[in-house]
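**Student:** Input file: run_38.cif. Contents: mmCIF, C-alpha atoms.
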```
data_entry
loop_
_atom_site.label_atom_id
_atom_site.label_comp_id
_atom_site.auth_asym_id
_atom_site.auth_seq_id
_atom_site.Cartn_x
_atom_site.Cartn_y
_atom_site.Cartn_z
CA MET A 652 36.26 -29.28 29.29
CA GLU A 653 34.74 -26.25 27.58
CA LYS A 654 33.16 -28.51 24.95
CA MET A 655 31.58 -30.62 27.67
CA LEU A 656 30.21 -27.55 29.43
CA ASP A 657 28.88 -25.98 26.25
CA SER A 658 26.95 -29.14 25.40
CA ASP A 659 25.69 -29.32 28.97
CA LEU A 660 24.54 -25.71 28.89
CA ASN A 661 22.61 -26.29 25.69
CA ALA A 662 20.96 -29.45 27.03
CA PRO A 663 17.37 -28.73 28.05
CA ALA A 664 16.87 -28.69 31.80
CA GLU A 665 14.16 -31.00 33.08
CA THR A 666 13.53 -28.73 36.03
CA VAL A 667 13.51 -24.98 35.57
CA VAL A 668 12.90 -22.66 38.51
CA GLY A 669 11.70 -19.36 37.03
CA PRO A 670 12.83 -15.91 38.22
CA SER A 671 9.75 -15.17 40.33
CA VAL A 672 9.79 -18.56 42.04
CA LYS A 673 10.67 -19.09 45.70
CA ILE A 674 11.22 -22.66 46.80
CA GLN A 675 11.17 -23.64 50.46
CA GLY A 676 12.45 -27.16 51.03
CA ASP A 677 14.69 -29.71 49.36
CA LEU A 678 14.69 -29.77 45.56
CA ASN A 679 15.62 -33.24 44.28
CA SER A 680 15.73 -34.16 40.62
CA GLU A 681 17.07 -36.93 38.42
CA GLY A 682 17.77 -34.57 35.50
CA ASN A 683 19.36 -31.20 34.81
CA ILE A 684 18.20 -28.29 36.97
CA LYS A 685 18.24 -24.63 35.98
CA ILE A 686 17.61 -22.12 38.75
CA GLU A 687 16.68 -18.50 38.03
CA GLY A 688 14.79 -17.82 41.28
CA MET A 689 15.34 -18.46 44.99
CA VAL A 690 15.75 -21.77 46.78
CA ASN A 691 15.85 -22.10 50.56
CA GLY A 692 16.78 -25.74 50.83
CA LYS A 693 19.10 -28.40 49.44
CA VAL A 694 19.43 -28.75 45.66
CA LYS A 695 20.32 -32.30 44.64
CA THR A 696 20.73 -34.04 41.28
CA SER A 697 23.05 -36.60 39.72
CA GLN A 698 23.09 -34.46 36.53
CA SER A 699 23.97 -30.79 36.01
CA VAL A 700 22.87 -27.66 37.87
CA PHE A 701 22.84 -24.21 36.25
CA ILE A 702 22.42 -21.33 38.64
CA VAL A 703 21.97 -18.19 36.58
CA PRO A 704 22.99 -14.66 37.62
CA GLY A 705 20.34 -13.25 39.98
CA ALA A 706 19.41 -16.63 41.42
CA LYS A 707 19.99 -17.27 45.12
CA ILE A 708 20.33 -20.54 47.00
CA THR A 709 20.49 -20.75 50.77
CA ALA A 710 21.57 -24.34 51.44
CA ASP A 711 23.83 -27.04 50.07
CA VAL A 712 24.11 -27.96 46.39
CA LEU A 713 24.94 -31.55 45.40
CA ALA A 714 25.26 -32.36 41.70
CA GLY A 715 27.19 -34.09 38.93
CA ASN A 716 28.31 -30.84 37.24
CA ALA A 717 27.50 -27.20 37.99
CA VAL A 718 27.72 -23.82 36.35
CA ILE A 719 27.15 -21.09 38.88
CA GLY A 720 26.45 -17.45 38.08
CA GLY A 721 24.24 -16.65 41.07
CA GLU A 722 24.61 -16.55 44.82
CA ILE A 723 24.98 -19.55 47.11
CA LEU A 724 25.05 -19.50 50.89
CA GLY A 725 25.95 -23.10 51.58
CA ASN A 726 28.32 -25.88 50.67
CA ILE A 727 28.74 -27.13 47.10
CA LYS A 728 29.59 -30.76 46.42
CA ILE A 729 30.11 -31.58 42.74
CA SER A 730 31.37 -34.96 41.54
CA GLY A 731 32.48 -33.61 38.13
CA HIS A 732 33.10 -30.11 36.73
CA LEU A 733 32.31 -26.88 38.53
CA VAL A 734 32.38 -23.48 36.82
CA LEU A 735 32.10 -20.28 38.83
CA GLN A 736 31.08 -17.52 36.45
CA GLY A 737 32.15 -13.91 36.95
CA THR A 738 28.83 -13.08 38.65
CA ALA A 739 29.00 -15.97 41.15
CA LYS A 740 29.06 -15.30 44.90
CA ILE A 741 29.76 -18.33 47.05
CA SER A 742 29.79 -18.43 50.86
CA GLY A 743 30.58 -22.01 51.75
CA ASP A 744 32.91 -24.89 51.08
CA ILE A 745 33.43 -26.40 47.64
CA THR A 746 34.21 -30.01 46.76
CA CYS A 747 34.69 -30.92 43.09
CA SER A 748 36.91 -32.81 40.64
CA VAL A 749 37.60 -29.99 38.18
CA LEU A 750 37.18 -26.29 38.91
CA ARG A 751 37.12 -23.25 36.65
CA VAL A 752 36.82 -19.78 38.15
CA GLU A 753 36.14 -16.79 35.93
CA ASP A 754 37.29 -13.24 36.65
CA GLY A 755 35.07 -11.50 39.18
CA ALA A 756 33.75 -14.60 40.93
CA GLN A 757 33.62 -14.23 44.71
CA PHE A 758 34.30 -17.25 46.87
CA SER A 759 34.61 -17.43 50.60
CA GLY A 760 35.25 -20.92 51.96
CA LYS A 761 37.41 -23.99 51.66
CA CYS A 762 37.93 -25.87 48.41
CA THR A 763 38.69 -29.58 48.12
CA MET A 764 39.52 -31.02 44.72
CA GLY A 765 40.42 -34.22 42.92
CA ASN A 766 39.67 -37.77 43.96
CA GLY A 767 39.42 -37.66 47.69
CA GLY A 768 40.13 -33.92 47.28
CA THR A 769 42.88 -33.10 49.73
CA ALA A 770 44.61 -30.20 47.97
CA PRO A 771 43.41 -26.87 49.34
CA VAL A 772 42.77 -23.96 46.97
CA SER A 773 43.13 -20.31 47.89
CA ASN A 774 39.96 -18.20 48.09
CA GLY A 775 38.77 -16.11 45.19
CA THR A 776 41.39 -16.71 42.56
CA GLY A 777 40.96 -20.43 42.18
CA LYS A 778 44.78 -20.85 42.09
CA ARG A 779 46.23 -23.75 43.96
CA LYS A 780 48.40 -22.98 46.95
CA PRO A 781 51.97 -24.17 46.36
CA GLU A 782 52.72 -27.59 47.70
CA LEU A 783 54.79 -27.60 50.88
CA GLU A 784 58.45 -28.28 50.25
CA PRO A 785 59.56 -31.56 51.85
CA GLU A 786 61.69 -31.02 54.92
CA GLU A 787 65.33 -31.78 54.41
CA MET B 503 -13.52 -60.32 25.03
CA HIS B 504 -13.85 -56.78 23.67
CA TYR B 505 -16.53 -54.57 25.19
CA TYR B 506 -17.43 -51.47 23.17
CA ILE B 507 -19.04 -48.55 24.99
CA ILE B 508 -20.76 -46.37 22.41
CA ASP B 509 -21.67 -42.83 23.36
CA GLN B 510 -23.63 -40.41 21.19
CA GLY B 511 -22.57 -37.44 23.32
CA ASN B 512 -23.47 -34.21 21.53
CA LEU B 513 -23.50 -35.74 18.05
CA PRO B 514 -26.55 -35.29 15.82
CA VAL B 515 -28.61 -38.50 15.57
CA GLU B 516 -27.97 -38.95 11.84
CA LYS B 517 -24.18 -38.65 12.16
CA PHE B 518 -24.16 -40.96 15.16
CA GLU B 519 -26.19 -43.64 13.39
CA LYS B 520 -23.93 -43.43 10.35
CA LEU B 521 -20.84 -43.86 12.55
CA GLN B 522 -22.48 -46.74 14.41
CA THR B 523 -23.23 -48.56 11.16
CA GLU B 524 -19.67 -47.96 9.93
CA LEU B 525 -18.33 -49.26 13.24
CA SER B 526 -20.41 -52.47 13.16
CA GLY B 527 -19.31 -53.21 9.61
CA LEU B 528 -15.63 -52.64 10.34
CA LEU B 529 -15.73 -54.70 13.53
CA ALA B 530 -16.99 -57.67 11.52
CA GLU B 531 -14.49 -57.02 8.73
CA PHE B 532 -11.51 -56.91 11.09
CA LYS B 533 -12.89 -59.82 13.15
CA ILE B 534 -12.75 -57.99 16.47
CA SER B 535 -16.42 -58.19 17.30
CA GLY B 536 -17.45 -58.22 20.91
CA GLU B 537 -20.27 -56.88 22.98
CA ILE B 538 -21.55 -53.45 22.03
CA ALA B 539 -23.34 -51.34 24.64
CA ARG B 540 -24.80 -47.91 24.04
CA VAL B 541 -24.78 -45.18 26.68
CA THR B 542 -28.29 -43.95 27.50
CA PRO B 543 -29.67 -41.74 30.27
CA LEU B 544 -30.46 -44.97 32.16
CA ARG B 545 -27.14 -46.73 31.43
CA THR B 546 -24.19 -44.49 32.24
CA VAL B 547 -20.60 -45.16 31.21
CA ALA B 548 -19.81 -46.18 34.81
CA GLU B 549 -22.64 -48.74 34.83
CA LEU B 550 -21.47 -50.15 31.51
CA VAL B 551 -17.93 -50.55 32.88
CA ASP B 552 -19.43 -52.49 35.82
CA THR B 553 -21.36 -54.69 33.37
CA ALA B 554 -18.21 -55.31 31.31
CA SER B 555 -16.38 -56.37 34.45
CA GLN B 556 -19.18 -58.79 35.42
CA ARG B 557 -19.13 -60.33 31.94
CA GLY B 558 -15.39 -60.92 32.17
CA ALA B 559 -14.35 -58.47 29.44
CA LYS B 560 -10.61 -57.89 29.23
CA THR B 561 -10.60 -55.00 26.73
CA LEU B 562 -12.76 -51.91 27.06
CA ILE B 563 -13.15 -49.63 24.06
CA ALA B 564 -14.66 -46.17 24.42
CA CYS B 565 -16.34 -45.08 21.19
CA GLY B 566 -17.30 -41.42 21.36
CA SER B 567 -15.70 -38.21 22.59
CA ASP B 568 -12.76 -37.52 24.94
CA ASP B 569 -15.36 -37.26 27.70
CA THR B 570 -16.50 -40.84 27.03
CA PHE B 571 -12.93 -42.07 27.51
CA ASN B 572 -12.40 -39.95 30.62
CA LEU B 573 -15.66 -41.20 32.17
CA MET B 574 -14.58 -44.77 31.41
CA LEU B 575 -11.22 -44.10 33.04
CA ALA B 576 -12.91 -42.67 36.13
CA ALA B 577 -15.14 -45.76 36.40
CA LEU B 578 -12.31 -48.32 36.40
CA LYS B 579 -11.94 -48.26 40.20
CA GLY B 580 -8.67 -50.15 40.07
CA ARG B 581 -9.98 -52.95 37.85
CA ASP B 582 -7.56 -54.35 35.33
CA PHE B 583 -8.57 -53.72 31.70
CA THR B 584 -6.76 -52.95 28.48
CA LEU B 585 -8.28 -49.74 27.13
CA GLY B 586 -8.90 -48.49 23.63
CA PHE B 587 -10.49 -45.49 22.00
CA ILE B 588 -12.41 -44.92 18.78
CA PRO B 589 -13.16 -41.24 18.13
CA PHE B 590 -16.58 -40.08 16.92
CA ASP B 591 -15.54 -36.45 17.32
CA ASP B 592 -13.38 -34.82 14.63
CA ASN B 593 -11.75 -32.48 17.19
CA SER B 594 -10.82 -35.13 19.74
CA THR B 595 -7.57 -34.24 21.53
CA LEU B 596 -7.16 -37.81 22.76
CA ALA B 597 -7.46 -39.16 19.22
CA LYS B 598 -4.60 -36.90 18.12
CA ILE B 599 -2.48 -37.96 21.10
CA LEU B 600 -3.12 -41.66 20.45
CA GLY B 601 -2.63 -41.30 16.70
CA ILE B 602 -6.16 -42.40 15.83
CA SER B 603 -7.62 -40.05 13.25
CA ASP B 604 -11.04 -41.62 12.64
CA VAL B 605 -13.24 -44.70 13.12
CA PHE B 606 -11.44 -46.73 10.43
CA VAL B 607 -7.97 -46.06 11.92
CA GLY B 608 -9.44 -46.71 15.38
CA ILE B 609 -10.69 -50.18 14.39
CA LYS B 610 -7.46 -50.95 12.55
CA THR B 611 -5.51 -49.93 15.66
CA ILE B 612 -7.65 -52.12 17.95
CA ALA B 613 -7.14 -55.04 15.54
CA GLY B 614 -3.38 -54.41 15.47
CA ARG B 615 -3.38 -54.29 19.27
CA ARG B 616 -0.22 -52.33 19.90
CA VAL B 617 -0.41 -52.01 23.69
CA GLU B 618 1.66 -49.45 25.63
CA LYS B 619 1.89 -49.31 29.41
CA ILE B 620 1.49 -45.68 30.38
CA ASP B 621 1.31 -43.61 33.54
CA LEU B 622 -2.08 -42.73 34.94
CA ALA B 623 -2.71 -39.42 36.69
CA LYS B 624 -5.19 -39.02 39.51
CA ILE B 625 -6.97 -35.93 40.81
CA SER B 626 -9.58 -35.92 43.57
CA GLY B 627 -10.65 -39.50 42.86
CA ASN B 628 -10.76 -38.94 39.07
CA TYR B 629 -8.23 -40.35 36.63
CA PHE B 630 -6.79 -38.81 33.49
CA ILE B 631 -4.03 -39.54 31.01
CA SER B 632 -3.65 -36.20 29.25
CA PHE B 633 -3.30 -32.80 30.97
CA LEU B 634 -4.97 -30.31 33.29
CA GLU B 635 -4.92 -26.53 32.90
CA PHE B 636 -5.27 -23.67 35.36
CA GLY B 637 -5.21 -19.87 35.37
CA VAL B 638 -5.06 -18.30 31.90
CA MET B 639 -4.39 -21.69 30.30
CA SER B 640 -7.97 -22.71 31.18
CA GLN B 641 -9.28 -19.91 29.01
CA GLN B 642 -8.99 -21.59 25.62
CA LEU B 643 -5.82 -19.74 24.58
CA LYS B 644 -5.43 -22.18 21.71
CA ASP B 645 -8.46 -20.82 19.88
CA ALA B 646 -8.00 -17.18 20.91
CA SER B 647 -7.12 -14.36 18.51
CA THR B 648 -3.83 -12.47 18.86
CA TRP B 649 -5.66 -9.59 20.54
CA GLN B 650 -7.36 -11.93 23.05
CA ILE B 651 -4.04 -13.64 23.82
CA LEU B 652 -2.39 -10.26 24.40
CA LYS B 653 -5.21 -9.26 26.73
CA LEU B 654 -5.23 -12.53 28.67
CA LEU B 655 -1.46 -12.72 29.10
CA SER B 656 -1.26 -9.10 30.20
CA THR B 657 -3.56 -9.64 33.19
CA GLU B 658 -2.27 -9.42 36.76
CA ALA B 659 -0.29 -12.43 37.90
CA LYS B 660 -1.66 -14.62 40.70
CA ALA B 661 0.32 -15.80 43.72
CA PHE B 662 0.36 -19.60 43.45
CA GLN B 663 1.39 -21.83 46.33
CA ILE B 664 2.12 -25.41 45.39
CA ARG B 665 3.66 -28.28 47.37
CA ILE B 666 5.72 -30.77 45.42
CA ASP B 667 6.38 -34.43 46.30
CA ASP B 668 5.80 -33.73 50.02
CA SER B 669 9.30 -32.23 49.87
CA TYR B 670 9.19 -28.53 49.05
CA ASN B 671 6.83 -25.59 48.64
CA VAL B 672 6.83 -23.43 45.53
CA THR B 673 5.62 -19.84 45.69
CA ILE B 674 5.29 -18.21 42.28
CA SER B 675 3.73 -15.11 40.86
CA GLY B 676 2.37 -16.52 37.61
CA LEU B 677 -0.48 -16.40 35.13
CA GLY B 678 -1.30 -20.09 35.01
CA GLY B 679 -0.06 -23.31 33.54
CA LEU B 680 -0.63 -26.97 33.08
CA VAL B 681 -0.01 -30.37 34.60
CA ALA B 682 0.89 -32.74 31.81
CA ASN B 683 1.12 -36.51 31.56
CA ILE B 684 0.69 -36.54 27.76
CA ARG B 685 -0.04 -33.60 25.50
CA LEU B 686 -0.43 -32.94 21.80
CA THR B 687 3.17 -31.78 21.43
CA SER B 688 4.71 -34.63 23.43
CA ASP B 689 6.88 -35.75 20.53
CA ARG B 690 8.63 -32.40 20.20
CA ASN B 691 10.39 -32.72 23.53
CA GLU B 692 10.45 -36.22 24.88
CA LYS B 693 11.53 -35.15 28.32
CA ILE B 694 8.38 -33.13 28.89
CA ALA B 695 4.99 -34.85 29.06
CA ASN B 696 6.39 -38.30 28.50
CA PRO B 697 3.65 -40.71 29.69
CA THR B 698 6.07 -43.53 30.36
CA ASP B 699 8.58 -41.72 32.62
CA GLY B 700 6.57 -42.08 35.83
CA ASN B 701 6.40 -38.32 36.31
CA LEU B 702 4.04 -35.40 35.91
CA ASP B 703 5.28 -32.13 34.43
CA LEU B 704 4.10 -28.94 36.08
CA ILE B 705 4.60 -25.96 33.76
CA ILE B 706 3.84 -22.44 34.97
CA ILE B 707 4.09 -19.26 32.92
CA GLU B 708 4.87 -15.82 34.27
CA ARG B 709 3.61 -12.48 33.03
CA LEU B 710 5.08 -11.63 29.63
CA GLY B 711 5.76 -8.45 27.69
CA LYS B 712 3.75 -7.76 24.54
CA MET B 713 6.70 -8.46 22.26
CA GLN B 714 7.39 -11.75 24.04
CA ILE B 715 3.73 -12.76 23.60
CA LEU B 716 3.80 -11.94 19.89
CA THR B 717 7.10 -13.75 19.39
CA HIS B 718 5.81 -16.90 21.11
CA LYS B 719 2.18 -16.81 19.91
CA GLN B 720 2.55 -20.13 18.11
CA ASP B 721 4.12 -21.85 21.13
CA ILE B 722 1.30 -20.56 23.33
CA ALA B 723 -1.34 -21.82 20.89
CA GLU B 724 0.33 -25.24 20.74
CA GLY B 725 0.73 -25.42 24.51
CA SER B 726 4.54 -25.59 24.25
CA LEU B 727 4.87 -23.35 27.28
CA GLU B 728 8.42 -24.44 28.05
CA LYS B 729 9.59 -22.37 25.07
CA LEU B 730 8.34 -19.16 26.67
CA PRO B 731 10.78 -17.02 28.64
CA LYS B 732 10.70 -17.22 32.46
CA THR B 733 8.69 -20.47 32.42
CA THR B 734 8.98 -22.79 35.41
CA ILE B 735 9.06 -26.55 34.77
CA ILE B 736 8.94 -29.06 37.58
CA LYS B 737 9.05 -32.83 37.11
CA CYS B 738 7.40 -34.59 40.03
CA LYS B 739 5.14 -37.37 41.23
CA LYS B 740 2.77 -35.43 43.46
CA ILE B 741 1.45 -31.87 43.25
CA GLU B 742 -0.65 -30.21 45.93
CA PHE B 743 -2.25 -27.00 44.65
CA LEU B 744 -2.73 -24.91 47.78
CA GLU B 745 -3.39 -21.26 46.79
CA PRO B 746 -5.29 -19.36 45.47
CA ARG B 747 -8.21 -21.32 46.90
CA GLY B 748 -11.16 -21.87 44.57
CA LEU B 749 -9.15 -21.57 41.33
CA PRO B 750 -10.47 -24.15 38.85
CA LEU B 751 -8.39 -26.96 37.33
CA THR B 752 -9.81 -27.84 33.94
CA MET B 753 -9.52 -30.73 31.50
CA LEU B 754 -10.37 -29.82 27.90
CA GLY B 755 -12.40 -26.86 29.17
CA ARG B 756 -14.34 -28.83 31.80
CA VAL B 757 -13.73 -28.04 35.49
CA VAL B 758 -12.57 -31.22 37.24
CA ALA B 759 -11.43 -29.77 40.58
CA LYS B 760 -10.59 -26.56 42.38
CA PHE B 761 -7.64 -25.45 44.51
CA PRO B 762 -6.80 -26.93 47.01
CA SER B 763 -6.36 -30.22 45.16
CA VAL B 764 -3.86 -33.03 44.88
CA VAL B 765 -2.65 -34.52 41.58
CA GLU B 766 -0.63 -37.75 41.66
CA ILE B 767 0.90 -40.06 39.10
CA ILE B 768 0.56 -43.84 39.17
CA PRO B 769 3.45 -45.12 37.04
CA GLN B 770 2.82 -47.66 34.26
CA ARG B 771 -0.68 -48.31 35.56
CA LEU B 772 -2.65 -48.31 32.33
CA ARG B 773 -2.53 -50.66 29.34
CA LEU B 774 -3.62 -48.63 26.38
CA ILE B 775 -4.03 -49.61 22.72
CA VAL B 776 -2.21 -46.93 20.72
CA GLY B 777 -1.85 -45.99 17.08
CA LYS B 778 1.32 -45.86 15.00
CA ASN B 779 1.10 -42.05 14.80
CA ARG B 780 0.76 -41.41 18.52
CA THR B 781 2.48 -38.33 19.92
CA PHE B 782 4.57 -40.18 22.52
#
```
Do you think you could lay out the structure here as structure tokens?
**Tutor:**
Amino acid sequence: MEKMLDSDLNAPAETVVGPSVKIQGDLNSEGNIKIEGMVNGKVKTSQSVFIVPGAKITADVLAGNAVIGGEILGNIKISGHLVLQGTAKISGDITCSVLRVEDGAQFSGKCTMGNGGTAPVSNGTGKRKPELEPEE
Amino acid sequence: MHYYIIDQGNLPVEKFEKLQTELSGLLAEFKISGEIARVTPLRTVAELVDTASQRGAKTLIACGSDDTFNLMLAALKGRDFTLGFIPFDDNSTLAKILGISDVFVGIKTIAGRRVEKIDLAKISGNYFISFLEFGVMSQQLKDASTWQILKLLSTEAKAFQIRIDDSYNVTISGLGGLVANIRLTSDRNEKIANPTDGNLDLIIIERLGKMQILTHKQDIAEGSLEKLPKTTIIKCKKIEFLEPRGLPLTMLGRVVAKFPSVVEIIPQRLRLIVGKNRTF
């Protein structure tokens, strides 16, 4: 998974939102998106989203893969891999297939994972809650 | 039928006549003769395009400067032609983009007839295939000395307001940038300024530190702005430049519009004869 993410991170983003940029409205793209500024509106792509430390998004994020180091106030729906870096602050629900949470990441919301994503994950640590023991 | 629009532009008479003679000879040699019409104060490029249309010409060739080609493009008015270009100007940006270095290569290219369908960009009723510049990028950074570049890129940033694809508004404190369909460095990064992807690329630079400017001097001179730190790149189909009002948008140093203005892309609209060494 790390290999995949490293190659993704090095891939040039087709859309780059610079640090002094403020976007108001829905940002849709067909390629990779890198956000260093502020977005008040949905971010949507079938490819990867990189939200760098210092960036802030106030709305939902829908993408193929995502690496998040900034702040998001909204729900995140990722069909593939999601990485929350140590600087990430998330206030909202997460849906993804594979999740990696680094030390220091802050997450407040519900997490749904896997195909159909029914297994809940505890806040903050990224550790799965133990499955309920079947009643005897 | 080929219809050649020959424009002297700012060329000295002697050089122009020499090029015209060379052109006539090569057209016969490569067997691609057609009708040749010269631009005069009484016969503008637009009028010649009208004449070509009336005569049933299918291929229009601009022979002259980048301006000749751009004027021909603006005069098409939706009519369906295959376009070509033969440069009379040694410093033609379009010639470099299309991979046509001189008259001989231009004729050879027309004879070879390698046609590419490319996107056509539109601004305020005018059409273009290359790129527009605004802010500091309009100020001939490519030819500026290191000291001039330092001075220009250290100026106060402007607050730009731009609406993209009727979907979102971008507010940015930047120095300037460009809207690219094709550019000279298109081959270096196929995803940016690719004239066949149906998109425009809006590239805006922010204020840079002196060390950053010196480090990226070459990229600035080449127009590879995406390599600069803090650069914003947006791929889109429609750009509405809203603020600051009155700021010029230039094409090769010539003002073509001012803010507020709308730039749109018409995908795969143009059939263009291109050279083997084109940049895209």
**Student:** Please build the interface table for chain A against chain B with a cut-off of 8 Å, listing for each qualifying residue the nearest atom pair and the distance in Å to one decimal; count only C-alpha atoms, order rows by chain and increasing number, and write it as JSON lines.
**Tutor:**
```
{"residue": "A:Glu665", "atom": "CA", "partner": "B:Lys737", "partner_atom": "CA", "distance": 6.8}
{"residue": "A:Thr666", "atom": "CA", "partner": "B:Ile736", "partner_atom": "CA", "distance": 4.9}
{"residue": "A:Val667", "atom": "CA", "partner": "B:Ile735", "partner_atom": "CA", "distance": 4.8}
{"residue": "A:Val668", "atom": "CA", "partner": "B:Thr734", "partner_atom": "CA", "distance": 5.0}
{"residue": "A:Gly669", "atom": "CA", "partner": "B:Thr734", "partner_atom": "CA", "distance": 4.7}
{"residue": "A:Pro670", "atom": "CA", "partner": "B:Lys732", "partner_atom": "CA", "distance": 6.3}
{"residue": "A:Ser671", "atom": "CA", "partner": "B:Ile674", "partner_atom": "CA", "distance": 5.7}
{"residue": "A:Val672", "atom": "CA", "partner": "B:Ile674", "partner_atom": "CA", "distance": 4.5}
{"residue": "A:Lys673", "atom": "CA", "partner": "B:Thr673", "partner_atom": "CA", "distance": 5.1}
{"residue": "A:Ile674", "atom": "CA", "partner": "B:Val672", "partner_atom": "CA", "distance": 4.6}
{"residue": "A:Gln675", "atom": "CA", "partner": "B:Asn671", "partner_atom": "CA", "distance": 5.1}
{"residue": "A:Gly676", "atom": "CA", "partner": "B:Tyr670", "partner_atom": "CA", "distance": 4.1}
{"residue": "A:Asp677", "atom": "CA", "partner": "B:Tyr670", "partner_atom": "CA", "distance": 5.6}
{"residue": "A:Leu678", "atom": "CA", "partner": "B:Tyr670", "partner_atom": "CA", "distance": 6.6}
{"residue": "A:Ser680", "atom": "CA", "partner": "B:Lys737", "partner_atom": "CA", "distance": 7.7}
```
**Student:** Using all atoms listed in the file, determine which residues lie at most 8 Å from Gly725 of chain A, disregarding the query and same-chain residues fewer than 2 positions distant; provide the list as a short mmCIF file (atom, residue, chain, number, x, y, z; two decimals) with C-alpha atoms, in the frame of the given file.
**Tutor:**
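Dumped to part_8.cif:
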```cif
data_model
loop_
_atom_site.label_atom_id
_atom_site.label_comp_id
_atom_site.auth_asym_id
_atom_site.auth_seq_id
_atom_site.Cartn_x
_atom_site.Cartn_y
_atom_site.Cartn_z
CA ILE A 708 20.33 -20.54 47.00
CA THR A 709 20.49 -20.75 50.77
CA ALA A 710 21.57 -24.34 51.44
CA ASP A 711 23.83 -27.04 50.07
CA VAL A 712 24.11 -27.96 46.39
CA ILE A 723 24.98 -19.55 47.11
CA ILE A 727 28.74 -27.13 47.10
CA ILE A 741 29.76 -18.33 47.05
CA SER A 742 29.79 -18.43 50.86
CA GLY A 743 30.58 -22.01 51.75
CA ASP A 744 32.91 -24.89 51.08
#
```
**Student:** Compare B:Ala530, B:Cys565, B:Ile508, B:Ala613 by their minimum atom-to-atom distance to Thr542 of chain B, counting all atoms listed in the file, and give me the closest one.
**Tutor:**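 Distance minimum relative to Thr542 of chain B lands on B:Ile508.
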**Student:** Taking only C-alpha atoms into account, which of B:Glu524, B:Glu531, B:Glu724, B:Asp569 comes nearest Val605 of chain B?
**Tutor:**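 Nearest to Val605 of chain B: B:Glu524.
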**Student:** Expand the PyMOL selection byres ((chain B and resi 710) around 12) into the explicit residue set it covers here, and present it as a PyMOL selection string.
**Tutor:** chain B and resi 651-659+675-678+707-709+711-719+722+727+730-733
**Student:** Any idea what the distance is between atom CA of Ile625 of chain B and atom CA of Ser763 of chain B?
**Tutor:**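 Computing the Euclidean distance for atom CA of Ile625 of chain B and atom CA of Ser763 of chain B yields 7.2 Å.
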**Student:** List the residues sitting within 10 Å of (26.9, -16.1, 35.6) in the file's frame, using only C-alpha atoms, as a ChimeraX atom specification.
**Tutor:** /A:701-706,718-722,734-740,753,756
**Student:** Enter the distance from atom CA of Asp592 of chain B to atom CA of Tyr505 of chain B, in Å, rounded to one decimal.
**Tutor:**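 Between these atoms lies a distance of 22.6 Å.
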**Student:** Please enumerate the residues selected by the PyMOL selection byres ((chain A and resi 764) around 6) when evaluated against the supplied file, formatted as a compact mmCIF listing (two decimals) with C-alpha atoms, keeping the file's coordinate frame.
**Tutor:**
```
# COMPACT_ATOMS: atom_id res chain seq x y z
CA THR A 746 34.21 -30.01 46.76
CA CYS A 747 34.69 -30.92 43.09
CA SER A 748 36.91 -32.81 40.64
CA THR A 763 38.69 -29.58 48.12
CA GLY A 765 40.42 -34.22 42.92
CA GLY A 768 40.13 -33.92 47.28
```
**Student:** Using all atoms listed in the file, which of the listed residues (B:Leu751, B:Val547, B:Met639, B:Val765) sits closest to Leu578 of chain B?
**Tutor:**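 Using all atoms listed in the file, Leu578 of chain B sits closest to B:Val547.
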**Student:** When you draw a straight line from atom CA of Lys685 of chain A to atom CA of Asn716 of chain A, how long is it in Å?
**Tutor:**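 Atom CA of Asn716 of chain A lies at a distance of 11.9 Å from atom CA of Lys685 of chain A.
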**Student:** Using only C-alpha atoms, determine which residues lie at most 10 Å from Ser555 of chain B, disregarding the query and same-chain residues fewer than 3 positions distant; provide the list as a PyMOL selection string.
**Tutor:** chain B and resi 505+549-552+558-562+578+581-583
**Student:** Taking the file above as input, evaluate the PyMOL selection byres ((chain A and resi 714) around 9) and report the hits as a PyMOL selection string.
**Tutor:** chain A and resi 694-700+712-713+715-717+727-731
**Student:** Grab all the atoms of segment 681-688 of chain A that the file lists, wrap them in a box along x, y and z, add 6 Å per side, and give me centre plus edge lengths in Å (one decimal) as AutoDock Vina command-line options.
**Tutor:**
```
--center_x 17.1 --center_y -27.4 --center_z 38.0 --size_x 16.6 --size_y 31.1 --size_z 18.5
```
**Student:** Place a sphere of radius 9 Å on (8.2, -44.0, 33.1) in the file coordinates and name every protein, DNA or RNA residue with an atom inside or on its surface, counting only C-alpha atoms; give the answer as number ranges by chain.
**Tutor:** B: 620-621, 696-701, 769-770
